[in-house]
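**Q** This is the structure I want to talk about, given as structure tokens.
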Amino acid sequence: MCREPESPPPPPQPQQSLTITQWNTRGLISHWAEFKQAAHTLNTDILCVQETHLRPSDPYTLNIHPFTLIRTDCQIQTNNRMGGVATYVKHNIPHKQIQLDTQADIQAIELFLNNQHITLINCYASPSRA
């Protein structure tokens, strides 16, 4: 019995659209279950989160499959948790974080889509610190 050779899989199609969701969590840990569920049901490519209320010393692992987490925690040391931003980028989207020389709650991420470079900014400006 003769079989025709299998054809190679088709090349991946370039991503035609990009869905970005913005969410001010007012505390990512305290809203983690709701946030994680939404991350799976929103069908989004990128989640920009503000007011994570995380600190660099926090031991939390806040990974969500199929996203890569980029975290910028609040640098102001107070008794109250405040500020902070996080960006979740789907694994299939090539990207890199752009280093910024600032203490502000801000991230810049360069996305590489369809031979284009797109800069995504995720920031939080507290009304009390503005």
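By order in the structure tokens, chains are A, B, ...; within a chain, residues start at 1; ligands start at 1, following the order shown.
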Excluding Asp45 (chain A) and any residue of its chain fewer than 4 positions from it, enumerate the residues within 8 Å of it, using only C-alpha atoms, and give them as an NGL selection string.

**A** :A and (18-21 or 89-90)

**Q** Using N, CA, C and O atoms, can you write the selected residues to a file as a compact mmCIF listing (two decimals), in the first residue's frame?

**A**
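Below is the file that was written, part14.txt:
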# COMPACT_ATOMS: atom_id res chain seq x y z
N LEU A 18 -5.17 42.67 17.76
CA LEU A 18 -4.61 42.61 19.11
C LEU A 18 -5.67 43.11 20.07
O LEU A 18 -6.20 44.21 19.92
N THR A 19 -6.00 42.30 21.05
CA THR A 19 -6.99 42.69 22.05
C THR A 19 -6.27 42.98 23.36
O THR A 19 -5.57 42.12 23.89
N ILE A 20 -6.46 44.19 23.87
CA ILE A 20 -5.83 44.63 25.11
C ILE A 20 -6.92 44.95 26.12
O ILE A 20 -7.86 45.67 25.81
N THR A 21 -6.78 44.39 27.31
CA THR A 21 -7.74 44.64 28.38
C THR A 21 -7.03 45.40 29.50
O THR A 21 -5.92 45.04 29.89
N VAL A 89 1.28 39.28 28.91
CA VAL A 89 1.36 39.20 27.45
C VAL A 89 1.30 37.72 27.06
O VAL A 89 2.06 36.91 27.61
N LYS A 90 0.42 37.37 26.14
CA LYS A 90 0.33 35.98 25.70
C LYS A 90 1.68 35.51 25.18
O LYS A 90 2.42 36.25 24.53

**Q** Within 12 Å of region 100-108 of chain A, counting only C-alpha atoms, which residues show up once you throw out same-chain ones fewer than 4 positions away? Write them as a ChimeraX atom specification, please.

**A** /A:48-55,69-77,82-88,95-96,118-126,129-130

**Q** Taking only C-alpha atoms into account, name the residue in A:Ser128, A:Ser17, A:Thr25, A:Thr68 that is nearest to Asn114 (chain A).

**A**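 Ranked by minimum distance to Asn114 (chain A), first place goes to A:Ser17.
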
**Q** Pick the closest to Ala39 (chain A) from A:Ile98, A:Ile93, A:Leu113, A:Leu62: which is it, counting only C-alpha atoms?

**A** A:Leu62

**Q** Where in region 16-130 of chain A does DSSP assign strand (DSSP E or B), given as JSON, numbers by chain?

**A** {"A": [20, 21, 22, 23, 24, 46, 47, 48, 49, 50, 67, 68, 69, 70, 71, 72, 85, 86, 87, 88, 89, 90, 95, 96, 97, 98, 105, 106, 107, 108, 109, 110, 111, 112, 113, 116, 117, 118, 119, 120, 121, 122, 123, 124]}

**Q** In terms of the shortest atom-to-atom distance over only C-alpha atoms, which of A:Gln116, A:Trp32, A:Ile46, A:Thr41 is closest to Tyr60 (chain A)?

**A**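 Closest residue, counting only C-alpha atoms: A:Trp32.
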
**Q** Taking the backbone alone, and naming residues the way the document does, which bits of region 30-95 of chain A are alpha helix (DSSP H) by DSSP, as a VMD selection string?

**A** chain A and resid 32 to 41
